[in-house]
Amino acid sequence: MEKFTVLHGIVAALDRANVDTDAIIPKQFLKSINRSGFGPNLFDAWRYLDEGQPDKPNEGRPLNPDFVLNQPRYKGASVLLARKNFGCGSSREHAPWALVDYGFRALIAPSFADIFCSNCYKNGLLPIVLAESQVDRLFHEAAAFPGYRLRIDLARQGVEMPDGATSQFDSDPFRKYCLLNGLDDIGLTLRHAEKIRAYEEKRKLEQPWLF
Amino acid sequence: MAQQTLYDKLWDAHVVHLEDDGTALIYIDRHLVHEVTSPQAFEGLRVAGRKLWRISANLAVADHNVPTTDRSAGIADPVSRLQVDTLDANCRDFGIVEFAMNDPRQGIVHVIGPEQGATLPGMTVVCGDSHTSTHGAFACLAFGIGTSEVEHALATQCLLQKKSRNFLIDVDGALPRGVTAKDVALAVIRRLGAAGGTGHAVEYAGSTVRALSMEGRMTLCNLAIEAGARTGMVAVDQTTIDYLKGRPLAPKGEAWDRAVAHWRTLRSDPQAKFDRAETIDARALKPLVTWGTSPEMVVSVDERVPDPDKEKDAVRREGMERALVYMGLKPNTAITDIRIDKVFIGSCTNSRIEDLRAAAGVVRGKRVASNVRLALAVPGSGPVKKQAEKEGLDRIFRDAGFEWREPGCSMCLAMNADRLDPGERCASTSNRNFEGRQGTGGRTHLVSPEMAAAAAIAGHFVDVRNWR
């Protein structure tokens with residue numbers, strides 16, 4: 001997993017609540033057996049005027065000019081700003097894969113769906129929860145200033161605005177540690193292999209029908 | 001000893017290791033695997049040279065991509081076929097038991113787990129699918145995971161989790177005629193909102209829940225995720241035990257007696273503390289119909305499509321306006337005036353035998369309305385299909401003009417050929433009314449099996465409480 005330390009990036013503002021993972025990456029692209037290549041189909045149904053297919057090239061497809069990511073001012077954005085309950089619905093990890101593949105490294109919203117949030121951390125994508133009032137302010141500023149950028153420092157858990165004002169955010173120490181160091185969860189868990197075996201032995205005696 | 005909730009008990013029984021910040025390594029008893037969210041996990045294991053930790057904890061089935069029509073010629077769509085073939089190959093290579101597409105036990109992963117007794121009380125059950133919450137009906141700690149976690153569970157039989165907060169939803173009173181577990185679940189979402197349960201583990205309790213069959217409890221827990229709760233659960237009682245007895249993978253003989261004795265402890269202690277609680281009066285519930293593009297956009301069948309102009313919150317108002325445009329609906333339209341093009345009875349929410357019986361009871365001796373282009377009845381599994389056919393339900397559906405199909409996820413998410421065309425409107429017993437969920441441009445209204453069946457006959461939504 002790629003480390004996340006400090007990000008200074010353009011903010012794209014997607015002003016919708018309850019953005020579900022079906023919208024982030026529609027189901028036809030879930031037929032892939034690979035982890036990469038989802039970026040061109042991120043928000044496919046909103047981003048293009050025709051229907052995308054996994055075996056169809058994306059070059060030359062008609063873009064929806066009203067969709068935020070198609071606006072030149074958001075070109076190269078690495079921070080996505082959204083409203084509450086971002087990532088609700090299906091557990092598909094293809095959603096964070098598509099966001100990362102597109103170029104996003106951090107998300108800011110008043111809340112994220114639980115499974116999606118967990119999937120983000122596994123892919124070096126930082127979901128940042130800020131209060132609705134702060135998210136509102138960011139929406140106003142991103143709309144007012146083309147090329148609006150934020151500086152996100154995970155170690156300090158701060159989102160710094162261009163005027164220097166900083167909003168603090170919460171982060172689980174364990175998840176933060178893994179993300180700062182780009183650590184693979186499985187390797188970490190296997191350090192506890194003896195404990196897992198001991199647990200299984202005990203459980204076999206207590207509830208043998210489970211084995 | 002301190003009074004514990006059911007969730008506290010399940011959690012404590014599975015902690016293998018605890019980090020200083022409260023992150024726990026949780027042991028996973030059962031891992032259900034399907035074709036969509038697993039290929040990259042198996043590939044990850046191969047790349048790292050890792051083996052499965054405990055092969056027998058896994059059970060696999062292809063359900064999302066499978067055709068529901070004749071399967072003798074295989075899957076026509078090459079992309080879908082590759083995904084299903086990949087699951088077959090991965091299960092073969094890693095030694096996992098799989099109910100392949102033509103196995104008589106094949107079906108939707110959340111239907112087959114309980115049906116086979118692969119889901120047992122007290123287990124942690126995970127699957128790369130958000131509707132894994134379904135299995136909580138058996139007093140399991142059951143939740144959906146992403147593909148990285150699928151790989152993690154395969155390699156370590158554990159997952160890293162933080163404990164959620166306890167949330168009690170108490171539903172009391174007898175359900176009125178025509179009001180079902182689906183309506184209770186939608187009423188919960190209406191009350192909490194689509195994010196209301198985020199960060200919480202929900203326990204459904206109360207006399208209404210106690211009176212529900214296991215099928216009804218599965219419907220209820222299935223939709224916990226649509227209220228934002230990753231897991232929902234119901235305590236063990238005699239209904240749970242009766243359902244499990246004799247299931248192929250359930251314990252037998254002396255082990256059964258020991259298991260039952262343990263399972264009976266899987267309930268919240270009388271004085272257990274919950275962080276949040278809500279009470280729902282079942283007697284006041286009516287059949288519910290979603291009108292928008294989030295399951296929280298739901299009203300009773302005798303209400304009207306809401307008017308965004310009356311909504312004060314700007315973000316909500318814009319969401320409502322966008323949903324109405326997508327759904328092709330005008331504010332203040334009576335729900336019973338909404339005409340439909342297709343009907344889907346199926347999905348991990350409502351495709352079990354009881355759901356099919358209820359829907360068949362509504363359509364028996366009647367004909368699907370002429371404006372309804374397609375009415376699908378898709379059983380949740382091979383055994384459900386067989387049982388329904390034994391009871392003659394297939395004939396009832398066919399005689400009414402429904403198509404009777406092979407088991408799978410089907411039009412719930414349209415990864416196979418079953419889908420809505422742009423602009424088509426569907427009365428669906430599934431779980432999500434998101435934009436494009438049942439097909440690009442498709443318009444979904446979530447309802448109970450009885451309501452979907454009645455809408456198929458009438459050609460528009462009708463109040464099934466008055467059905468004759």
# chains A, B, ... in the order shown; residues from 1 in each chain; ligands from 1

$ closest_atom_pairs --of "chain B" --to "chain A" --cutoff "7 Å" --atoms "only C-alpha atoms" --output "JSON lines"
{"residue": "B:Val16", "atom": "CA", "partner": "A:Ile196", "partner_atom": "CA", "distance": 6.3}
{"residue": "B:Asp21", "atom": "CA", "partner": "A:Pro173", "partner_atom": "CA", "distance": 6.3}
{"residue": "B:Thr23", "atom": "CA", "partner": "A:Phe174", "partner_atom": "CA", "distance": 7.0}
{"residue": "B:Val36", "atom": "CA", "partner": "A:Leu30", "partner_atom": "CA", "distance": 6.4}
{"residue": "B:Thr37", "atom": "CA", "partner": "A:Arg92", "partner_atom": "CA", "distance": 6.8}
{"residue": "B:Pro39", "atom": "CA", "partner": "A:Ile33", "partner_atom": "CA", "distance": 5.4}
{"residue": "B:Gln40", "atom": "CA", "partner": "A:Asn34", "partner_atom": "CA", "distance": 5.9}
{"residue": "B:Val79", "atom": "CA", "partner": "A:Lys31", "partner_atom": "CA", "distance": 6.2}
{"residue": "B:Ser80", "atom": "CA", "partner": "A:Lys31", "partner_atom": "CA", "distance": 6.0}
{"residue": "B:Gln83", "atom": "CA", "partner": "A:Lys31", "partner_atom": "CA", "distance": 6.2}
{"residue": "B:Gly128", "atom": "CA", "partner": "A:Ser91", "partner_atom": "CA", "distance": 6.6}
{"residue": "B:Asp129", "atom": "CA", "partner": "A:Ser91", "partner_atom": "CA", "distance": 5.4}
{"residue": "B:Ser130", "atom": "CA", "partner": "A:Ser91", "partner_atom": "CA", "distance": 4.9}
{"residue": "B:Gly144", "atom": "CA", "partner": "A:Ser91", "partner_atom": "CA", "distance": 6.3}
{"residue": "B:Ile145", "atom": "CA", "partner": "A:Ser91", "partner_atom": "CA", "distance": 6.0}
{"residue": "B:Gly146", "atom": "CA", "partner": "A:Glu93", "partner_atom": "CA", "distance": 5.1}
{"residue": "B:Thr147", "atom": "CA", "partner": "A:Glu93", "partner_atom": "CA", "distance": 5.8}
{"residue": "B:Ser148", "atom": "CA", "partner": "A:Lys122", "partner_atom": "CA", "distance": 6.6}
{"residue": "B:His152", "atom": "CA", "partner": "A:Ile186", "partner_atom": "CA", "distance": 5.6}
{"residue": "B:Thr156", "atom": "CA", "partner": "A:Leu190", "partner_atom": "CA", "distance": 6.7}
{"residue": "B:Ala195", "atom": "CA", "partner": "A:Asn85", "partner_atom": "CA", "distance": 5.8}
{"residue": "B:Thr198", "atom": "CA", "partner": "A:Asp114", "partner_atom": "CA", "distance": 6.4}
{"residue": "B:Gly199", "atom": "CA", "partner": "A:Asp114", "partner_atom": "CA", "distance": 6.6}
{"residue": "B:Glu226", "atom": "CA", "partner": "A:Gly89", "partner_atom": "CA", "distance": 6.8}
{"residue": "B:Gly228", "atom": "CA", "partner": "A:Ala113", "partner_atom": "CA", "distance": 6.5}
{"residue": "B:Arg230", "atom": "CA", "partner": "A:Asp114", "partner_atom": "CA", "distance": 6.7}
{"residue": "B:Pro251", "atom": "CA", "partner": "A:Trp209", "partner_atom": "CA", "distance": 5.8}
{"residue": "B:Ala255", "atom": "CA", "partner": "A:Trp209", "partner_atom": "CA", "distance": 6.4}
{"residue": "B:Gly319", "atom": "CA", "partner": "A:Arg16", "partner_atom": "CA", "distance": 6.9}
{"residue": "B:Met415", "atom": "CA", "partner": "A:Gln28", "partner_atom": "CA", "distance": 6.2}
{"residue": "B:Arg437", "atom": "CA", "partner": "A:Asp22", "partner_atom": "CA", "distance": 6.7}

$ residues_around --residues "segment 165-174 of chain B" --least-positions-apart "2" --cutoff "9 Å" --atoms "only C-alpha atoms" --output "CSV table (one decimal) with all heavy atoms, in the first residue's frame"
chain,number,residue,atom,x,y,z
B,5,THR,N,-24.9,-7.0,26.2
B,5,THR,CA,-25.8,-7.1,25.1
B,5,THR,C,-25.4,-8.3,24.3
B,5,THR,O,-24.3,-8.9,24.5
B,5,THR,CB,-25.7,-5.9,24.1
B,5,THR,OG1,-24.4,-5.9,23.6
B,5,THR,CG2,-26.0,-4.6,24.9
B,7,TYR,N,-24.5,-8.3,21.2
B,7,TYR,CA,-23.4,-7.9,20.5
B,7,TYR,C,-22.1,-7.9,21.3
B,7,TYR,O,-21.0,-8.4,20.9
B,7,TYR,CB,-23.6,-6.5,19.9
B,7,TYR,CG,-22.4,-5.9,19.2
B,7,TYR,CD1,-21.8,-6.5,18.1
B,7,TYR,CD2,-21.7,-4.7,19.7
B,7,TYR,CE1,-20.7,-5.9,17.5
B,7,TYR,CE2,-20.6,-4.2,19.1
B,7,TYR,CZ,-20.1,-4.8,18.0
B,7,TYR,OH,-19.0,-4.3,17.4
B,8,ASP,N,-22.2,-7.5,22.6
B,8,ASP,CA,-21.0,-7.5,23.5
B,8,ASP,C,-20.6,-9.0,23.6
B,8,ASP,O,-19.4,-9.3,23.6
B,8,ASP,CB,-21.4,-7.1,24.9
B,8,ASP,CG,-21.8,-5.6,25.0
B,8,ASP,OD1,-21.3,-4.8,24.1
B,8,ASP,OD2,-22.5,-5.2,25.9
B,163,LYS,N,-14.7,-2.0,17.8
B,163,LYS,CA,-16.1,-2.3,18.3
B,163,LYS,C,-17.1,-1.2,18.0
B,163,LYS,O,-16.7,0.0,18.1
B,163,LYS,CB,-16.0,-2.6,19.8
B,163,LYS,CG,-17.3,-3.3,20.3
B,163,LYS,CD,-17.3,-3.6,21.7
B,163,LYS,CE,-18.6,-4.3,22.1
B,163,LYS,NZ,-18.7,-4.4,23.5
B,176,PRO,N,-50.2,-5.6,11.2
B,176,PRO,CA,-51.5,-5.6,10.6
B,176,PRO,C,-51.4,-6.5,9.3
B,176,PRO,O,-50.4,-6.7,8.8
B,176,PRO,CB,-51.7,-4.1,10.2
B,176,PRO,CG,-50.8,-3.3,11.0
B,176,PRO,CD,-49.6,-4.2,11.3
B,184,VAL,N,-41.4,-3.4,8.1
B,184,VAL,CA,-40.7,-3.1,9.4
B,184,VAL,C,-39.3,-2.5,9.1
B,184,VAL,O,-38.9,-1.5,9.6
B,184,VAL,CB,-40.6,-4.3,10.3
B,184,VAL,CG1,-39.8,-3.9,11.6
B,184,VAL,CG2,-42.0,-4.8,10.7
B,188,VAL,N,-37.8,1.2,9.7
B,188,VAL,CA,-36.6,1.5,10.5
B,188,VAL,C,-35.7,2.5,9.7
B,188,VAL,O,-35.2,3.5,10.3
B,188,VAL,CB,-35.8,0.2,10.8
B,188,VAL,CG1,-34.4,0.5,11.3
B,188,VAL,CG2,-36.6,-0.7,11.8
B,197,GLY,N,-27.7,4.5,11.3
B,197,GLY,CA,-27.1,3.4,12.1
B,197,GLY,C,-25.6,3.3,11.9
B,197,GLY,O,-24.9,2.4,12.5
B,199,GLY,N,-21.8,3.2,12.4
B,199,GLY,CA,-21.0,3.1,13.6
B,199,GLY,C,-21.7,2.2,14.7
B,199,GLY,O,-21.2,2.1,15.8
B,200,HIS,N,-22.9,1.7,14.4
B,200,HIS,CA,-23.6,0.9,15.4
B,200,HIS,C,-23.8,-0.5,14.9
B,200,HIS,O,-23.9,-0.8,13.8
B,200,HIS,CB,-25.0,1.6,15.6
B,200,HIS,CG,-24.9,2.9,16.3
B,200,HIS,ND1,-24.7,4.1,15.7
B,200,HIS,CD2,-25.1,3.2,17.6
B,200,HIS,CE1,-24.7,5.1,16.5
B,200,HIS,NE2,-24.9,4.6,17.7
B,201,ALA,N,-24.0,-1.4,15.9
B,201,ALA,CA,-24.4,-2.8,15.7
B,201,ALA,C,-25.9,-2.8,16.2
B,201,ALA,O,-26.1,-2.4,17.4
B,201,ALA,CB,-23.6,-3.7,16.5
B,202,VAL,N,-26.8,-3.1,15.4
B,202,VAL,CA,-28.2,-3.1,15.7
B,202,VAL,C,-28.7,-4.4,16.2
B,202,VAL,O,-28.4,-5.5,15.6
B,202,VAL,CB,-29.0,-2.6,14.5
B,202,VAL,CG1,-30.5,-2.9,14.7
B,202,VAL,CG2,-28.8,-1.2,14.2
B,203,GLU,N,-29.4,-4.4,17.3
B,203,GLU,CA,-30.2,-5.6,17.7
B,203,GLU,C,-31.7,-5.3,17.6
B,203,GLU,O,-32.2,-4.3,18.1
B,203,GLU,CB,-29.9,-6.1,19.1
B,203,GLU,CG,-30.7,-7.3,19.5
B,203,GLU,CD,-30.4,-7.9,20.9
B,203,GLU,OE1,-29.4,-7.4,21.5
B,203,GLU,OE2,-31.2,-8.7,21.4
B,204,TYR,N,-32.4,-6.2,16.8
B,204,TYR,CA,-33.8,-6.0,16.7
B,204,TYR,C,-34.5,-6.9,17.8
B,204,TYR,O,-34.1,-8.1,17.8
B,204,TYR,CB,-34.3,-6.5,15.3
B,204,TYR,CG,-33.7,-5.7,14.2
B,204,TYR,CD1,-32.6,-6.2,13.5
B,204,TYR,CD2,-34.2,-4.5,13.8
B,204,TYR,CE1,-32.0,-5.5,12.4
B,204,TYR,CE2,-33.7,-3.8,12.7
B,204,TYR,CZ,-32.6,-4.3,12.0
B,204,TYR,OH,-32.0,-3.6,11.0
B,205,ALA,N,-35.3,-6.3,18.5
B,205,ALA,CA,-36.0,-7.1,19.6
B,205,ALA,C,-37.5,-6.7,19.7
B,205,ALA,O,-37.9,-5.8,18.9
B,205,ALA,CB,-35.3,-6.9,20.9
B,206,GLY,N,-38.2,-7.3,20.6
B,206,GLY,CA,-39.6,-6.9,20.8
B,206,GLY,C,-40.5,-8.0,20.3
B,206,GLY,O,-40.1,-8.9,19.6
B,207,SER,N,-41.8,-7.9,20.6
B,207,SER,CA,-42.7,-9.0,20.3
B,207,SER,C,-42.9,-9.2,18.8
B,207,SER,O,-43.1,-10.3,18.4
B,207,SER,CB,-44.1,-8.7,21.0
B,207,SER,OG,-44.6,-7.5,20.5
B,208,THR,N,-42.8,-8.1,18.1
B,208,THR,CA,-43.0,-8.3,16.6
B,208,THR,C,-41.9,-9.1,16.0
B,208,THR,O,-42.1,-10.0,15.2
B,208,THR,CB,-43.0,-6.9,15.9
B,208,THR,OG1,-43.8,-6.0,16.7
B,208,THR,CG2,-43.5,-7.0,14.5
B,209,VAL,N,-40.7,-8.9,16.5
B,209,VAL,CA,-39.5,-9.6,16.0
B,209,VAL,C,-39.6,-11.1,16.4
B,209,VAL,O,-39.3,-12.0,15.7
B,209,VAL,CB,-38.2,-8.9,16.4
B,209,VAL,CG1,-37.0,-9.7,16.0
B,209,VAL,CG2,-38.1,-7.5,16.0
B,211,ALA,N,-42.2,-12.8,16.9
B,211,ALA,CA,-43.2,-13.5,16.2
B,211,ALA,C,-42.8,-13.7,14.7
B,211,ALA,O,-43.5,-14.4,14.0
B,211,ALA,CB,-44.5,-12.6,16.2
B,273,LYS,N,-26.9,-2.6,28.8
B,273,LYS,CA,-27.0,-1.1,28.4
B,273,LYS,C,-26.7,-1.0,26.9
B,273,LYS,O,-25.8,-1.5,26.3
B,273,LYS,CB,-25.9,-0.4,29.1
B,273,LYS,CG,-26.1,-0.1,30.6
B,273,LYS,CD,-26.2,1.3,30.9
B,273,LYS,CE,-26.4,1.7,32.3
B,273,LYS,NZ,-27.1,0.7,33.1
B,274,PHE,N,-27.6,-0.2,26.3
B,274,PHE,CA,-27.4,0.1,24.9
B,274,PHE,C,-27.1,1.6,24.8
B,274,PHE,O,-27.6,2.4,25.5
B,274,PHE,CB,-28.7,-0.2,24.1
B,274,PHE,CG,-29.0,-1.6,23.9
B,274,PHE,CD1,-29.6,-2.4,24.9
B,274,PHE,CD2,-28.6,-2.3,22.7
B,274,PHE,CE1,-29.8,-3.8,24.7
B,274,PHE,CE2,-28.8,-3.6,22.5
B,274,PHE,CZ,-29.4,-4.4,23.5
B,275,ASP,N,-26.3,2.0,23.8
B,275,ASP,CA,-25.9,3.4,23.6
B,275,ASP,C,-27.1,4.1,23.0
B,275,ASP,O,-27.2,5.3,23.2
B,275,ASP,CB,-24.7,3.5,22.7
B,275,ASP,CG,-23.5,2.7,23.2
B,275,ASP,OD1,-22.9,3.2,24.2
B,275,ASP,OD2,-23.1,1.6,22.7
B,276,ARG,N,-27.9,3.5,22.2
B,276,ARG,CA,-29.0,4.1,21.6
B,276,ARG,C,-30.2,3.1,21.6
B,276,ARG,O,-30.0,1.9,21.5
B,276,ARG,CB,-28.7,4.5,20.1
B,276,ARG,CG,-28.3,5.9,19.9
B,276,ARG,CD,-28.1,6.1,18.4
B,276,ARG,NE,-29.3,6.5,17.8
B,276,ARG,CZ,-29.4,6.7,16.5
B,276,ARG,NH1,-28.3,6.5,15.7
B,276,ARG,NH2,-30.5,7.1,15.9
B,277,ALA,N,-31.4,3.6,21.5
B,277,ALA,CA,-32.6,2.8,21.4
B,277,ALA,C,-33.7,3.5,20.7
B,277,ALA,O,-33.8,4.7,20.8
B,277,ALA,CB,-33.0,2.3,22.8
B,278,GLU,N,-34.4,2.8,19.9
B,278,GLU,CA,-35.6,3.3,19.2
B,278,GLU,C,-36.7,2.3,19.4
B,278,GLU,O,-36.5,1.1,19.4
B,278,GLU,CB,-35.3,3.5,17.7
B,278,GLU,CG,-34.4,4.6,17.3
B,278,GLU,CD,-35.0,6.0,17.3
B,278,GLU,OE1,-36.3,6.0,17.3
B,278,GLU,OE2,-34.3,7.0,17.3
B,279,THR,N,-37.9,2.8,19.4
B,279,THR,CA,-39.1,1.9,19.6
B,279,THR,C,-40.0,2.1,18.4
B,279,THR,O,-40.2,3.3,18.0
B,279,THR,CB,-39.8,2.2,20.9
B,279,THR,OG1,-38.9,2.2,21.9
B,279,THR,CG2,-41.0,1.2,21.1
B,280,ILE,N,-40.5,1.1,17.8
B,280,ILE,CA,-41.4,1.2,16.7
B,280,ILE,C,-42.7,0.4,17.0
B,280,ILE,O,-42.6,-0.7,17.5
B,280,ILE,CB,-40.7,0.6,15.4
B,280,ILE,CG1,-39.7,1.6,14.9
B,280,ILE,CG2,-41.8,0.4,14.3
B,280,ILE,CD1,-39.0,1.3,13.7
B,281,ASP,N,-43.8,1.0,16.8
B,281,ASP,CA,-45.1,0.4,17.1
B,281,ASP,C,-45.6,-0.3,15.8
B,281,ASP,O,-46.0,0.4,14.9
B,281,ASP,CB,-46.1,1.5,17.5
B,281,ASP,CG,-47.5,0.9,17.8
B,281,ASP,OD1,-47.6,-0.4,17.7
B,281,ASP,OD2,-48.4,1.7,18.2
B,282,ALA,N,-45.5,-1.6,15.8
B,282,ALA,CA,-45.8,-2.4,14.6
B,282,ALA,C,-47.3,-2.2,14.2
B,282,ALA,O,-47.6,-2.2,13.0
B,282,ALA,CB,-45.5,-3.8,14.8
B,283,ARG,N,-48.2,-2.0,15.2
B,283,ARG,CA,-49.6,-1.9,14.9
B,283,ARG,C,-49.9,-0.7,14.0
B,283,ARG,O,-50.9,-0.7,13.3
B,283,ARG,CB,-50.4,-1.8,16.3
B,283,ARG,CG,-50.5,-3.0,17.1
B,283,ARG,CD,-50.8,-2.8,18.5
B,283,ARG,NE,-49.6,-2.0,19.1
B,283,ARG,CZ,-49.1,-2.4,20.3
B,283,ARG,NH1,-49.5,-3.4,21.0
B,283,ARG,NH2,-48.1,-1.7,20.7
B,284,ALA,N,-49.0,0.3,14.1
B,284,ALA,CA,-49.3,1.5,13.3
B,284,ALA,C,-48.7,1.5,11.9
B,284,ALA,O,-48.8,2.4,11.2
B,284,ALA,CB,-48.8,2.7,14.1

$ residues_around --residues "Ala89 of chain B" --least-positions-apart "6" --cutoff "12 Å" --atoms "only C-alpha atoms" --output "mmCIF file with C-alpha atoms, in the first residue's frame"
data_model
loop_
_atom_site.group_PDB
_atom_site.id
_atom_site.type_symbol
_atom_site.label_atom_id
_atom_site.label_comp_id
_atom_site.auth_asym_id
_atom_site.auth_seq_id
_atom_site.Cartn_x
_atom_site.Cartn_y
_atom_site.Cartn_z
ATOM 1 C CA GLU B 35 -17.345 -14.344 -7.668
ATOM 2 C CA SER B 38 -12.971 -12.418 -4.459
ATOM 3 C CA PRO B 39 -10.781 -12.680 -7.611
ATOM 4 C CA PHE B 42 -7.057 -14.826 -4.429
ATOM 5 C CA GLU B 43 -4.636 -13.077 -6.783
ATOM 6 C CA ALA B 60 -18.199 -20.343 -2.100
ATOM 7 C CA LEU B 82 -14.645 -15.193 -16.953
ATOM 8 C CA GLN B 83 -15.543 -14.029 -13.448
ATOM 9 C CA GLY B 95 -9.497 -26.398 -2.010
ATOM 10 C CA ILE B 96 -12.634 -24.415 -1.079
ATOM 11 C CA VAL B 97 -16.056 -26.091 -1.244
ATOM 12 C CA GLU B 98 -18.057 -24.348 -3.960
ATOM 13 C CA ALA B 100 -20.957 -24.194 -8.753
#

$ closest_residue --among "B:Arg190, B:Lys312, B:Arg398, B:His135" --to "Thr240 of chain B" --atoms "only C-alpha atoms"
B:His135

$ closest_residue --among "A:Ala13, A:Ala165, A:Cys178, A:Leu125" --to "Leu99 of chain A" --atoms "only C-alpha atoms"
A:Leu125

$ closest_residue --among "B:Leu446, B:Val234, B:Leu25, B:Val150" --to "Asn350 of chain B" --atoms "only C-alpha atoms"
B:Leu446

$ select_by_dssp --residues "segment 44-104 of chain B" --states "helix (DSSP H, G or I)" --output "VMD selection string"
chain B and resid 44 to 48 55 to 57 78 to 94

$ write_last_selection --atoms "C-alpha atoms" --output "compact mmCIF listing (two decimals), in the first residue's frame"
# COMPACT_ATOMS: atom_id res chain seq x y z
CA GLY B 44 -3.17 -11.21 -3.80
CA LEU B 45 -2.59 -14.50 -1.97
CA ARG B 46 -0.85 -15.94 -5.01
CA VAL B 47 1.39 -12.91 -5.45
CA ALA B 48 2.44 -13.03 -1.79
CA ILE B 55 -9.90 -23.98 4.31
CA SER B 56 -13.03 -25.50 5.87
CA ALA B 57 -14.20 -22.11 7.20
CA PRO B 78 -17.78 -13.39 -21.83
CA VAL B 79 -16.90 -10.92 -19.05
CA SER B 80 -19.40 -12.51 -16.63
CA ARG B 81 -18.30 -15.96 -17.68
CA LEU B 82 -14.64 -15.19 -16.95
CA GLN B 83 -15.54 -14.03 -13.45
CA VAL B 84 -17.51 -17.19 -12.67
CA ASP B 85 -14.82 -19.40 -14.24
CA THR B 86 -12.23 -17.57 -12.13
CA LEU B 87 -14.15 -18.41 -8.95
CA ASP B 88 -14.36 -22.07 -10.00
CA ALA B 89 -10.61 -22.14 -10.66
CA ASN B 90 -9.73 -20.36 -7.41
CA CYS B 91 -11.89 -22.72 -5.35
CA ARG B 92 -10.30 -25.69 -7.08
CA ASP B 93 -6.75 -24.36 -6.57
CA PHE B 94 -7.26 -23.43 -2.92

$ residues_around --residues "Val125 of chain B" --least-positions-apart "3" --cutoff "9 Å" --atoms "only C-alpha atoms" --output "number ranges by chain"
B: 28-32, 119-120, 132-133, 135-136, 140-144

$ closest_residue --among "A:Gly164, A:Gly124, A:Gly76, A:Pro40" --to "Thr5 of chain A" --atoms "only C-alpha atoms"
A:Gly124

$ atom_distance --atom1 "atom CA of Trp97 of chain A" --atom2 "atom CA of Gly193 of chain B"
27.1 Å

$ atom_distance --atom1 "atom CA of Leu80 of chain A" --atom2 "atom CA of Ile108 of chain A"
6.2 Å

$ atom_distance --atom1 "atom CA of Thr444 of chain B" --atom2 "atom CA of Pro295 of chain B"
10.1 Å
